[in-house]
>>> print(open('run-v4.cif').read())   # mmCIF, C-alpha atoms
data_final
loop_
_atom_site.label_atom_id
_atom_site.label_comp_id
_atom_site.auth_asym_id
_atom_site.auth_seq_id
_atom_site.Cartn_x
_atom_site.Cartn_y
_atom_site.Cartn_z
CA MET A 1153 9.76 8.26 18.50
CA ARG A 1154 7.29 10.96 19.48
CA ILE A 1155 3.97 10.20 17.79
CA LEU A 1156 0.82 12.30 17.72
CA MET A 1157 -2.43 10.51 16.95
CA PHE A 1158 -4.96 12.99 15.62
CA GLY A 1159 -8.23 12.21 17.38
CA ARG A 1160 -9.23 9.49 19.80
CA GLY A 1161 -11.38 7.48 17.45
CA VAL A 1162 -11.26 3.75 16.96
CA ILE A 1163 -8.25 3.61 14.63
CA SER A 1164 -6.21 6.22 16.52
CA THR A 1165 -6.86 4.54 19.85
CA ILE A 1166 -6.10 0.97 18.74
CA TYR A 1167 -2.88 1.84 16.93
CA GLY A 1168 -1.81 4.45 19.46
CA LYS A 1169 -1.98 1.86 22.21
CA ALA A 1170 0.07 -0.55 20.06
CA PHE A 1171 2.74 2.12 19.50
CA ILE A 1172 2.92 2.82 23.24
CA ALA A 1173 3.42 -0.89 23.93
CA ALA A 1174 6.29 -0.82 21.42
CA GLY A 1175 8.06 1.90 23.42
CA HIS A 1176 7.02 5.05 21.55
CA GLU A 1177 5.91 8.26 23.25
CA VAL A 1178 2.33 8.80 22.06
CA ALA A 1179 -0.16 11.63 22.58
CA PHE A 1180 -3.71 12.03 21.27
CA ALA A 1181 -4.91 15.33 19.83
CA VAL A 1182 -8.60 16.01 20.49
CA ARG A 1183 -10.82 19.07 20.60
CA SER A 1184 -10.39 20.90 23.91
CA THR A 1185 -14.11 20.63 24.64
CA ARG A 1186 -13.93 16.85 24.45
CA ILE A 1187 -11.03 16.35 26.85
CA PRO A 1188 -13.26 16.40 29.96
CA GLN A 1189 -15.93 14.33 28.15
CA TYR A 1190 -13.49 11.51 27.40
CA GLY A 1191 -12.40 11.12 31.00
CA SER A 1192 -9.10 9.69 32.16
CA SER A 1193 -9.36 6.15 30.81
CA LEU A 1194 -11.37 3.70 28.73
CA THR A 1195 -11.63 -0.05 28.36
CA ILE A 1196 -10.43 -1.69 25.14
CA ASP A 1197 -11.85 -5.10 24.24
CA LEU A 1198 -9.69 -6.16 21.32
CA LEU A 1199 -9.23 -9.23 19.16
CA ASP A 1200 -5.57 -8.83 18.21
CA GLY A 1201 -4.46 -10.68 15.08
CA ARG A 1202 -0.76 -9.81 15.12
CA GLY A 1203 0.11 -13.24 16.47
CA SER A 1204 -2.57 -15.41 14.90
CA VAL A 1205 -5.14 -15.29 12.11
CA TYR A 1206 -7.73 -16.25 14.75
CA GLY A 1207 -6.67 -13.40 17.02
CA LYS A 1208 -5.98 -13.14 20.73
CA ARG A 1209 -8.70 -11.45 22.80
CA THR A 1210 -7.60 -8.93 25.38
CA ARG A 1211 -9.52 -6.56 27.63
CA THR A 1212 -7.45 -3.77 29.15
CA ALA A 1213 -7.83 -0.33 30.67
CA PHE A 1214 -6.10 2.41 28.72
CA THR A 1215 -5.28 5.96 29.78
CA PRO A 1216 -4.32 8.03 26.72
CA ALA A 1217 -2.43 11.31 27.01
CA LEU A 1218 -4.87 13.88 25.59
CA ARG A 1219 -3.77 17.18 24.04
CA ASP A 1220 -5.67 20.12 22.56
CA SER A 1221 -5.86 19.41 18.81
CA SER A 1222 -5.54 23.10 17.96
CA ASP A 1223 -2.15 23.30 19.71
CA PRO A 1224 -0.82 19.99 21.08
CA GLY A 1225 2.58 21.49 21.92
CA GLY A 1226 6.05 20.12 21.29
CA GLN A 1227 7.60 18.56 18.21
CA PHE A 1228 6.63 15.18 16.81
CA ASP A 1229 8.41 12.71 14.56
CA VAL A 1230 5.19 11.29 13.10
CA ILE A 1231 1.62 12.59 13.11
CA VAL A 1232 -1.03 9.98 12.31
CA LEU A 1233 -4.18 11.48 10.86
CA SER A 1234 -7.08 9.05 10.63
CA VAL A 1235 -10.52 10.63 10.13
CA GLY A 1236 -13.48 10.04 7.84
CA HIS A 1237 -12.67 11.17 4.31
CA HIS A 1238 -15.38 13.85 4.52
CA ARG A 1239 -13.48 15.46 7.43
CA LEU A 1240 -9.99 15.15 5.95
CA ARG A 1241 -9.64 18.68 4.52
CA GLU A 1242 -10.51 20.32 7.83
CA ALA A 1243 -8.25 18.00 9.82
CA ALA A 1244 -5.31 18.46 7.41
CA ALA A 1245 -5.57 22.24 7.73
CA THR A 1246 -5.46 21.94 11.52
CA VAL A 1247 -2.42 19.64 11.48
CA ALA A 1248 -0.58 21.79 8.92
CA ALA A 1249 -0.47 24.64 11.45
CA TYR A 1250 1.89 22.71 13.76
CA ALA A 1251 3.26 19.79 11.72
CA GLY A 1252 6.70 21.39 11.47
CA GLU A 1253 9.09 18.82 9.99
CA ALA A 1254 7.04 15.82 11.12
CA THR A 1255 6.16 13.03 8.75
CA VAL A 1256 2.36 12.92 8.42
CA LEU A 1257 0.66 9.57 7.84
CA ILE A 1258 -2.80 9.90 6.28
CA PHE A 1259 -4.39 6.69 7.46
CA GLY A 1260 -7.77 5.91 5.91
CA ASN A 1261 -10.19 6.42 3.04
CA ILE A 1262 -9.58 9.05 0.33
CA TRP A 1263 -11.69 9.83 -2.73
CA GLU A 1264 -10.04 13.02 -3.97
CA ASP A 1265 -6.58 13.03 -5.53
CA PRO A 1266 -4.48 12.25 -2.43
CA PRO A 1267 -2.07 15.25 -2.44
CA THR A 1268 -4.98 17.62 -3.11
CA ALA A 1269 -7.12 16.06 -0.40
CA VAL A 1270 -4.60 16.94 2.32
CA LEU A 1271 -3.71 20.50 1.36
CA PRO A 1272 -2.15 22.60 2.87
CA LEU A 1273 0.11 19.81 4.19
CA PRO A 1274 3.39 19.77 2.22
CA ALA A 1275 3.37 16.88 -0.28
CA ASP A 1276 6.96 15.93 0.55
CA GLN A 1277 6.04 15.22 4.20
CA VAL A 1278 2.99 13.03 3.60
CA VAL A 1279 2.80 9.23 3.49
CA PHE A 1280 -0.53 7.53 2.76
CA GLY A 1281 -1.77 4.29 4.18
CA PHE A 1282 -4.70 2.18 5.25
CA PRO A 1283 -5.26 0.42 8.58
CA GLY A 1284 -6.14 -3.19 9.17
CA ALA A 1285 -8.45 -2.57 12.11
CA GLY A 1286 -12.06 -1.79 12.88
CA GLY A 1287 -14.42 -1.37 15.76
CA GLY A 1288 -16.77 0.90 17.61
CA PHE A 1289 -17.52 2.45 20.98
CA HIS A 1290 -20.35 0.69 22.79
CA SER A 1291 -22.89 2.20 25.13
CA GLU A 1292 -20.93 1.24 28.24
CA GLY A 1293 -18.01 3.32 26.97
CA ALA A 1294 -15.72 0.45 25.99
CA LEU A 1295 -14.03 0.22 22.62
CA HIS A 1296 -14.74 -3.14 20.96
CA GLY A 1297 -12.64 -3.92 17.91
CA ALA A 1298 -10.38 -6.14 15.88
CA LEU A 1299 -6.79 -5.64 14.77
CA PHE A 1300 -5.30 -7.44 11.78
CA ARG A 1301 -1.60 -8.08 11.36
CA SER A 1302 -0.90 -5.97 8.28
CA VAL A 1303 -1.20 -2.37 7.14
CA THR A 1304 -0.74 -0.84 3.67
CA ILE A 1305 1.40 2.23 2.98
CA GLY A 1306 2.68 4.15 -0.03
CA THR A 1307 3.34 7.66 -1.32
CA ALA A 1308 1.39 9.74 -3.80
CA GLY A 1309 3.51 12.87 -3.89
CA ASP A 1310 7.13 13.80 -3.29
CA ALA A 1311 7.67 12.17 0.10
CA SER A 1312 11.18 10.76 0.37
CA ASP A 1313 12.06 7.12 0.96
CA TRP A 1314 13.30 7.93 4.45
CA ARG A 1315 9.88 9.24 5.48
CA LYS A 1316 8.22 6.11 4.17
CA GLY A 1317 10.91 4.09 5.93
CA LEU A 1318 10.20 5.94 9.18
CA VAL A 1319 6.52 4.95 9.00
CA HIS A 1320 7.46 1.41 7.95
CA GLY A 1321 9.76 1.06 10.97
CA MET A 1322 7.13 2.47 13.33
CA PHE A 1323 4.71 -0.30 12.40
CA LYS A 1324 7.32 -3.07 12.24
CA GLN A 1325 8.50 -2.21 15.74
CA ALA A 1326 4.91 -2.57 16.95
CA GLY A 1327 4.61 -6.05 15.44
CA PHE A 1328 2.82 -5.27 12.17
CA ALA A 1329 3.52 -6.53 8.68
CA VAL A 1330 3.72 -3.67 6.16
CA LYS A 1331 2.50 -4.00 2.59
CA GLU A 1332 4.07 -1.35 0.38
CA GLU A 1333 1.83 -0.26 -2.50
CA GLY A 1334 3.40 1.36 -5.56
CA ASP A 1335 0.12 2.86 -6.79
CA ILE A 1336 -1.36 3.98 -3.48
CA ARG A 1337 -3.86 6.32 -5.15
CA GLY A 1338 -5.34 3.44 -7.17
CA TRP A 1339 -5.30 1.14 -4.15
CA LEU A 1340 -7.09 3.69 -1.94
CA TRP A 1341 -9.70 4.47 -4.56
CA LEU A 1342 -10.33 0.78 -5.14
CA HIS A 1343 -10.77 0.24 -1.42
CA PHE A 1344 -13.20 3.16 -1.39
CA ALA A 1345 -15.15 1.45 -4.19
CA MET A 1346 -15.29 -1.75 -2.15
CA ASP A 1347 -16.62 0.23 0.81
CA VAL A 1348 -19.34 1.65 -1.44
CA GLY A 1349 -20.66 -1.85 -1.98
CA MET A 1350 -20.33 -2.93 1.64
CA PHE A 1351 -21.99 0.18 3.05
CA SER A 1352 -24.83 0.13 0.54
CA GLN A 1353 -25.62 -3.51 1.35
CA ALA A 1354 -25.23 -2.89 5.09
CA LEU A 1355 -27.88 -0.20 4.78
CA LYS A 1356 -30.36 -2.79 3.51
CA ALA A 1357 -29.24 -5.49 5.95
CA GLY A 1358 -29.29 -3.26 9.03
CA GLY A 1359 -25.54 -3.06 9.55
CA LEU A 1360 -22.32 -4.81 8.59
CA ALA A 1361 -22.76 -7.12 11.58
CA LYS A 1362 -25.80 -8.64 9.87
CA MET A 1363 -23.58 -9.66 6.93
CA ILE A 1364 -21.41 -12.09 8.90
CA GLY A 1365 -21.62 -15.41 7.08
CA ASP A 1366 -24.07 -13.97 4.54
CA GLY A 1367 -22.58 -15.06 1.23
CA ARG A 1368 -25.56 -13.73 -0.72
CA GLY A 1369 -25.42 -10.32 0.94
CA LEU A 1370 -21.67 -10.05 0.38
CA ARG A 1371 -22.14 -11.07 -3.25
CA GLU A 1372 -24.63 -8.22 -3.69
CA ALA A 1373 -22.17 -5.82 -2.05
CA PHE A 1374 -19.43 -6.83 -4.48
CA ARG A 1375 -21.82 -6.40 -7.41
CA THR A 1376 -22.40 -2.81 -6.35
CA SER A 1377 -18.63 -2.33 -6.08
CA ARG A 1378 -18.28 -3.72 -9.60
CA GLU A 1379 -20.32 -0.77 -10.88
CA MET A 1380 -17.55 1.49 -9.58
CA LEU A 1381 -14.76 -0.13 -11.62
CA PRO A 1382 -15.55 1.91 -14.79
CA VAL A 1383 -15.58 5.02 -12.59
CA LEU A 1384 -12.07 4.21 -11.38
CA GLU A 1385 -10.85 3.63 -14.93
CA ALA A 1386 -12.39 6.92 -16.05
CA ARG A 1387 -10.46 8.61 -13.23
CA GLY A 1388 -7.20 7.18 -14.59
CA ILE A 1389 -6.71 4.01 -12.54
CA ASP A 1390 -5.04 1.05 -14.24
CA LEU A 1391 -7.00 -1.84 -12.74
CA SER A 1392 -4.54 -4.36 -14.17
CA ARG A 1393 -2.17 -3.24 -11.40
CA HIS A 1394 -4.74 -4.21 -8.78
CA ARG A 1395 -6.07 -7.53 -9.99
CA THR A 1396 -5.96 -9.20 -6.59
CA ALA A 1397 -7.55 -6.29 -4.72
CA SER A 1398 -10.28 -5.91 -7.34
CA MET A 1399 -11.09 -9.63 -7.45
CA PRO A 1400 -14.23 -9.44 -5.24
CA ALA A 1401 -15.75 -6.82 -7.57
CA ARG A 1402 -14.70 -8.67 -10.74
CA LEU A 1403 -15.90 -12.08 -9.48
CA PRO A 1404 -18.69 -11.25 -7.04
CA ARG A 1405 -20.30 -14.69 -6.95
CA SER A 1406 -17.14 -16.58 -5.99
CA ALA A 1407 -15.92 -13.80 -3.72
CA GLY A 1408 -19.24 -13.62 -1.92
CA THR A 1409 -19.17 -17.35 -1.20
CA LEU A 1410 -15.56 -17.22 0.02
CA SER A 1411 -16.16 -14.12 2.15
CA GLY A 1412 -19.27 -15.62 3.70
CA TRP A 1413 -17.27 -18.69 4.63
CA ALA A 1414 -14.36 -16.62 5.97
CA THR A 1415 -16.57 -14.43 8.17
CA ARG A 1416 -18.13 -17.55 9.67
CA LEU A 1417 -14.79 -19.22 10.32
CA PHE A 1418 -12.48 -16.45 11.53
CA PRO A 1419 -13.40 -14.67 14.77
CA ILE A 1420 -11.26 -11.65 13.87
CA ALA A 1421 -13.28 -11.04 10.69
CA GLN A 1422 -16.48 -11.41 12.69
CA ALA A 1423 -15.29 -8.92 15.31
CA SER A 1424 -14.34 -6.36 12.66
CA LEU A 1425 -17.80 -6.50 11.03
CA ALA A 1426 -19.75 -6.83 14.27
CA ALA A 1427 -18.38 -3.58 15.66
CA HIS A 1428 -19.94 -1.57 12.80
CA ALA A 1429 -23.47 -1.40 14.13
CA ASN A 1430 -24.71 1.84 12.56
CA PRO A 1431 -25.28 1.72 8.78
CA ASN A 1432 -26.55 5.32 8.87
CA GLY A 1433 -23.34 6.84 10.23
CA ALA A 1434 -21.78 9.92 8.69
CA GLU A 1435 -18.92 8.07 7.00
CA PRO A 1436 -21.07 5.41 5.22
CA ARG A 1437 -23.42 8.14 3.97
CA ALA A 1438 -20.52 10.28 2.76
CA VAL A 1439 -18.87 7.33 0.98
CA MET A 1440 -22.06 6.49 -0.91
CA SER A 1441 -22.88 10.13 -1.68
CA ASP A 1442 -19.43 11.05 -2.99
CA ALA A 1443 -19.11 7.89 -5.10
CA LEU A 1444 -22.53 8.50 -6.64
CA ALA A 1445 -21.67 12.13 -7.39
CA SER A 1446 -18.50 11.05 -9.22
CA ALA A 1447 -20.35 8.42 -11.26
CA ARG A 1448 -23.04 10.91 -12.25
CA LEU A 1449 -20.46 13.54 -13.18
CA LEU A 1450 -18.71 11.05 -15.46
CA GLY A 1451 -21.99 9.81 -16.93
CA ILE A 1452 -21.37 6.22 -15.77
CA PRO A 1453 -24.49 4.27 -14.73
CA THR A 1454 -24.50 2.74 -11.23
CA PRO A 1455 -28.06 1.39 -10.87
CA ARG A 1456 -27.41 -0.64 -7.71
CA LEU A 1457 -25.84 2.33 -5.97
CA GLU A 1458 -28.65 4.60 -7.17
CA GLN A 1459 -31.17 2.16 -5.71
CA ALA A 1460 -29.33 1.99 -2.39
CA TRP A 1461 -29.19 5.79 -2.21
CA ARG A 1462 -32.93 6.10 -2.88
CA TYR A 1463 -33.53 3.49 -0.18
CA TRP A 1464 -31.50 5.52 2.32
CA GLN A 1465 -33.37 8.73 1.43
CA GLU A 1466 -36.75 7.02 1.78
CA THR A 1467 -35.70 5.54 5.11
CA GLU A 1468 -34.55 8.92 6.38
CA SER A 1469 -37.76 10.67 5.37
CA ALA A 1470 -40.07 7.96 6.74
#
>>> encode(input="run-v4.cif", output="C-alpha cells")
Amino acid sequence: MRILMFGRGVISTIYGKAFIAAGHEVAFAVRSTRIPQYGSSLTIDLLDGRGSVYGKRTRTAFTPALRDSSDPGGQFDVIVLSVGHHRLREAAATVAAYAGEATVLIFGNIWEDPPTAVLPLPADQVVFGFPGAGGGFHSEGALHGALFRSVTIGTAGDASDWRKGLVHGMFKQAGFAVKEEGDIRGWLWLHFAMDVGMFSQALKAGGLAKMIGDGRGLREAFRTSREMLPVLEARGIDLSRHRTASMPARLPRSAGTLSGWATRLFPIAQASLAAHANPNGAEPRAVMSDALASARLLGIPTPRLEQAWRYWQETESA
C-alpha cells in the first residue's frame, strides 16, 4: 500500500518505519520549511514490544521520504494523521485538500465529537484509532521511544467495514495486534480523561519520567481522572461499556499500586514514560485546559484539576 504519514513526529516516525519494514511504500508529509531542518536521516532508539512484553531494544538509522505537507503529490491508500488534539482541525483541513479516495486514520487524542473534530474530511473515509507508542526527540537529535504490541481502532461515522479492514490489515501486516472498539468515541474520551490525570500529576512531579515506580503519584493521577468520569457521563458516554478501561479512575488506590509495580518491572513501560520529559509541553497544557473548560461548562466540580491548573499558572508566572 501507499501510506502517507502526516508529520514526522514521534508516532508518525515510529509507525511509519514499521510500515516500511512490512513492505509498504511510506512518505512523510511535513511543512516545506522544515524539510531542510530535518536533514536526511535520524537515529531511532526504540524498545519494541511486538515480540515480547519486555521489549527488544534496537538502535537504527532511518531516512524518511519527506514531502511538502501542503501538496505531497500522488495518490495514497491510507493517510495517517497523528497530531496533538489542539492541532487536529488545522491538520484535517490540510489533508482534506488532497485526500482523494484515501482512507484517513485519525491516530491520537480527541476531545470534540470525532466526526466534527476532523471536518472537512468526509465521515465515510475516516477511521479513528489510538497508538500504543510513546517517546521524544532528545537533544542529540535521536528519537527515543517505546512501541507496544497493540493498537486500538474503530469508527465514529459512516466509514465502511472495508476501510476499517484496510487499516486493520495494515497494522497486522506490520506485526501489531489490533483491538477493535465498538464505542470509539467513548474510548477516546476516556483515554483523554486518563491523560488529564497523568499530565496534571506530571506537572507537579516534574515530568512523567518522575512517576516511574511511584505508586502514590499514579494513585493521585487516577484520582484526578476520576473527577472526569461525571463529565464523560454528562457528555453521553455509557461508562458501563468501558469498565476495564475506566478501572484506574474507579479504583485509584489499587490501580496506583499495580501501575507503580508495573512501571518498575517492565522496561517498555519505563521507556514510554521516561521519554516524556517536558510536563509543560503544548499538548499536556491543551489537554488540561480543554478538560477543565468542559467541566466548568457542565457545572461539574473538578477540584484536583482546578488545583493543578492553578499550580501551572503560578509556575508560568513565577
>>> residues_around(input="run-v4.cif", residues="region 1323-1338 of chain A", least_positions_apart="4", cutoff="9 Å", atoms="all atoms listed in the file", output="ChimeraX atom specification")
/A:1167,1170-1175,1202-1203,1262-1263,1265-1266,1280-1281,1300-1308,1318-1319,1342-1343,1384,1388-1391,1393-1394
>>> resolve_selection(input="run-v4.cif", expression="the PyMOL selection byres ((chain A and resi 1246) around 10)", output="number ranges by chain")
A: 1158, 1221-1223, 1240-1245, 1247-1251, 1272-1273
>>> resolve_selection(input="run-v4.cif", expression="the PyMOL selection byres ((chain A and resi 1453) around 10)", output="NGL selection string")
:A and (1379-1380 or 1382-1383 or 1444 or 1447-1448 or 1450-1452 or 1454-1458)
>>> atom_distance(input="run-v4.cif", atom1="CA of Ile1364 (chain A)", atom2="CA of Phe1418 (chain A)")
10.3 Å
>>> residues_near_point(input="run-v4.cif", point="(8.0, 12.1, -0.8)", cutoff="12 Å", atoms="all atoms listed in the file", output="list in words")
Thr1255, Val1256, Leu1257, Pro1267, Pro1274, Ala1275, Asp1276, Gln1277, Val1278, Val1279, Phe1280, Gly1306, Thr1307, Ala1308, Gly1309, Asp1310, Ala1311, Ser1312, Asp1313, Trp1314, Arg1315, Lys1316, Gly1317 and Leu1318 of chain A
>>> write_last_selection(input="run-v4.cif", atoms="C-alpha atoms", output="PDB file, keeping the file's coordinate frame")
ATOM      1  CA  THR A1255       6.160  13.030   8.750  1.00  0.00           C
ATOM      2  CA  VAL A1256       2.360  12.920   8.420  1.00  0.00           C
ATOM      3  CA  LEU A1257       0.660   9.570   7.840  1.00  0.00           C
ATOM      4  CA  PRO A1267      -2.070  15.250  -2.440  1.00  0.00           C
ATOM      5  CA  PRO A1274       3.390  19.770   2.220  1.00  0.00           C
ATOM      6  CA  ALA A1275       3.370  16.880  -0.280  1.00  0.00           C
ATOM      7  CA  ASP A1276       6.960  15.930   0.550  1.00  0.00           C
ATOM      8  CA  GLN A1277       6.040  15.220   4.200  1.00  0.00           C
ATOM      9  CA  VAL A1278       2.990  13.030   3.600  1.00  0.00           C
ATOM     10  CA  VAL A1279       2.800   9.230   3.490  1.00  0.00           C
ATOM     11  CA  PHE A1280      -0.530   7.530   2.760  1.00  0.00           C
ATOM     12  CA  GLY A1306       2.680   4.150  -0.030  1.00  0.00           C
ATOM     13  CA  THR A1307       3.340   7.660  -1.320  1.00  0.00           C
ATOM     14  CA  ALA A1308       1.390   9.740  -3.800  1.00  0.00           C
ATOM     15  CA  GLY A1309       3.510  12.870  -3.890  1.00  0.00           C
ATOM     16  CA  ASP A1310       7.130  13.800  -3.290  1.00  0.00           C
ATOM     17  CA  ALA A1311       7.670  12.170   0.100  1.00  0.00           C
ATOM     18  CA  SER A1312      11.180  10.760   0.370  1.00  0.00           C
ATOM     19  CA  ASP A1313      12.060   7.120   0.960  1.00  0.00           C
ATOM     20  CA  TRP A1314      13.300   7.930   4.450  1.00  0.00           C
ATOM     21  CA  ARG A1315       9.880   9.240   5.480  1.00  0.00           C
ATOM     22  CA  LYS A1316       8.220   6.110   4.170  1.00  0.00           C
ATOM     23  CA  GLY A1317      10.910   4.090   5.930  1.00  0.00           C
ATOM     24  CA  LEU A1318      10.200   5.940   9.180  1.00  0.00           C
TER      25      LEU A1318
END
>>> atom_distance(input="run-v4.cif", atom1="CA of Ala1421 (chain A)", atom2="CA of Thr1409 (chain A)")
14.7 Å
>>> closest_residue(input="run-v4.cif", among="A:Pro1283, A:Gly1367, A:Met1322, A:Thr1212", to="Val1178 (chain A)", atoms="only C-alpha atoms")
A:Met1322
>>> decode(input="run-v4.cif", residues="region 1431-1440 of chain A", atoms="all heavy atoms", output="compact mmCIF listing (two decimals), in the first residue's frame")
# COMPACT_ATOMS: atom_id res chain seq x y z
N PRO A 1431 6.76 18.38 31.12
CA PRO A 1431 5.36 18.44 31.56
C PRO A 1431 4.66 19.72 31.14
O PRO A 1431 3.45 19.86 31.30
CB PRO A 1431 5.49 18.36 33.09
CG PRO A 1431 6.82 18.96 33.39
CD PRO A 1431 7.71 18.57 32.24
N ASN A 1432 5.43 20.70 30.63
CA ASN A 1432 4.85 21.98 30.22
C ASN A 1432 4.66 22.08 28.71
O ASN A 1432 4.49 23.18 28.18
CB ASN A 1432 5.75 23.12 30.70
CG ASN A 1432 5.79 23.23 32.20
OD1 ASN A 1432 4.77 23.45 32.83
ND2 ASN A 1432 6.97 23.04 32.78
N GLY A 1433 4.70 20.95 28.01
CA GLY A 1433 4.52 20.97 26.56
C GLY A 1433 3.13 21.43 26.15
O GLY A 1433 2.20 21.50 26.96
N ALA A 1434 2.99 21.74 24.88
CA ALA A 1434 1.72 22.28 24.37
C ALA A 1434 0.57 21.29 24.53
O ALA A 1434 -0.54 21.67 24.91
CB ALA A 1434 1.87 22.68 22.90
N GLU A 1435 0.83 20.00 24.26
CA GLU A 1435 -0.25 19.03 24.35
C GLU A 1435 -0.73 18.81 25.78
O GLU A 1435 -1.94 18.83 26.02
CB GLU A 1435 0.19 17.70 23.71
CG GLU A 1435 -0.80 16.56 23.86
CD GLU A 1435 -2.11 16.71 23.07
OE1 GLU A 1435 -2.28 17.76 22.40
OE2 GLU A 1435 -2.95 15.82 23.15
N PRO A 1436 0.16 18.61 26.78
CA PRO A 1436 -0.33 18.48 28.16
C PRO A 1436 -1.14 19.70 28.61
O PRO A 1436 -2.18 19.56 29.27
CB PRO A 1436 0.95 18.34 28.98
CG PRO A 1436 1.93 17.72 28.04
CD PRO A 1436 1.61 18.33 26.70
N ARG A 1437 -0.69 20.89 28.27
CA ARG A 1437 -1.42 22.11 28.65
C ARG A 1437 -2.79 22.14 28.01
O ARG A 1437 -3.79 22.48 28.64
CB ARG A 1437 -0.63 23.36 28.26
CG ARG A 1437 0.62 23.58 29.05
CD ARG A 1437 1.07 25.04 28.97
NE ARG A 1437 1.10 25.55 27.61
CZ ARG A 1437 2.15 25.49 26.81
NH1 ARG A 1437 3.27 24.93 27.22
NH2 ARG A 1437 2.09 26.00 25.60
N ALA A 1438 -2.85 21.78 26.72
CA ALA A 1438 -4.12 21.81 26.00
C ALA A 1438 -5.09 20.77 26.54
O ALA A 1438 -6.30 21.02 26.63
CB ALA A 1438 -3.89 21.60 24.50
N VAL A 1439 -4.58 19.58 26.90
CA VAL A 1439 -5.43 18.53 27.47
C VAL A 1439 -6.06 19.02 28.76
O VAL A 1439 -7.28 18.91 28.97
CB VAL A 1439 -4.62 17.24 27.70
CG1 VAL A 1439 -5.38 16.27 28.60
CG2 VAL A 1439 -4.31 16.56 26.37
N MET A 1440 -5.26 19.57 29.65
CA MET A 1440 -5.78 20.05 30.93
C MET A 1440 -6.74 21.21 30.74
O MET A 1440 -7.81 21.26 31.36
CB MET A 1440 -4.61 20.46 31.83
CG MET A 1440 -3.76 19.30 32.31
SD MET A 1440 -2.22 19.82 33.11
CE MET A 1440 -2.82 20.91 34.37
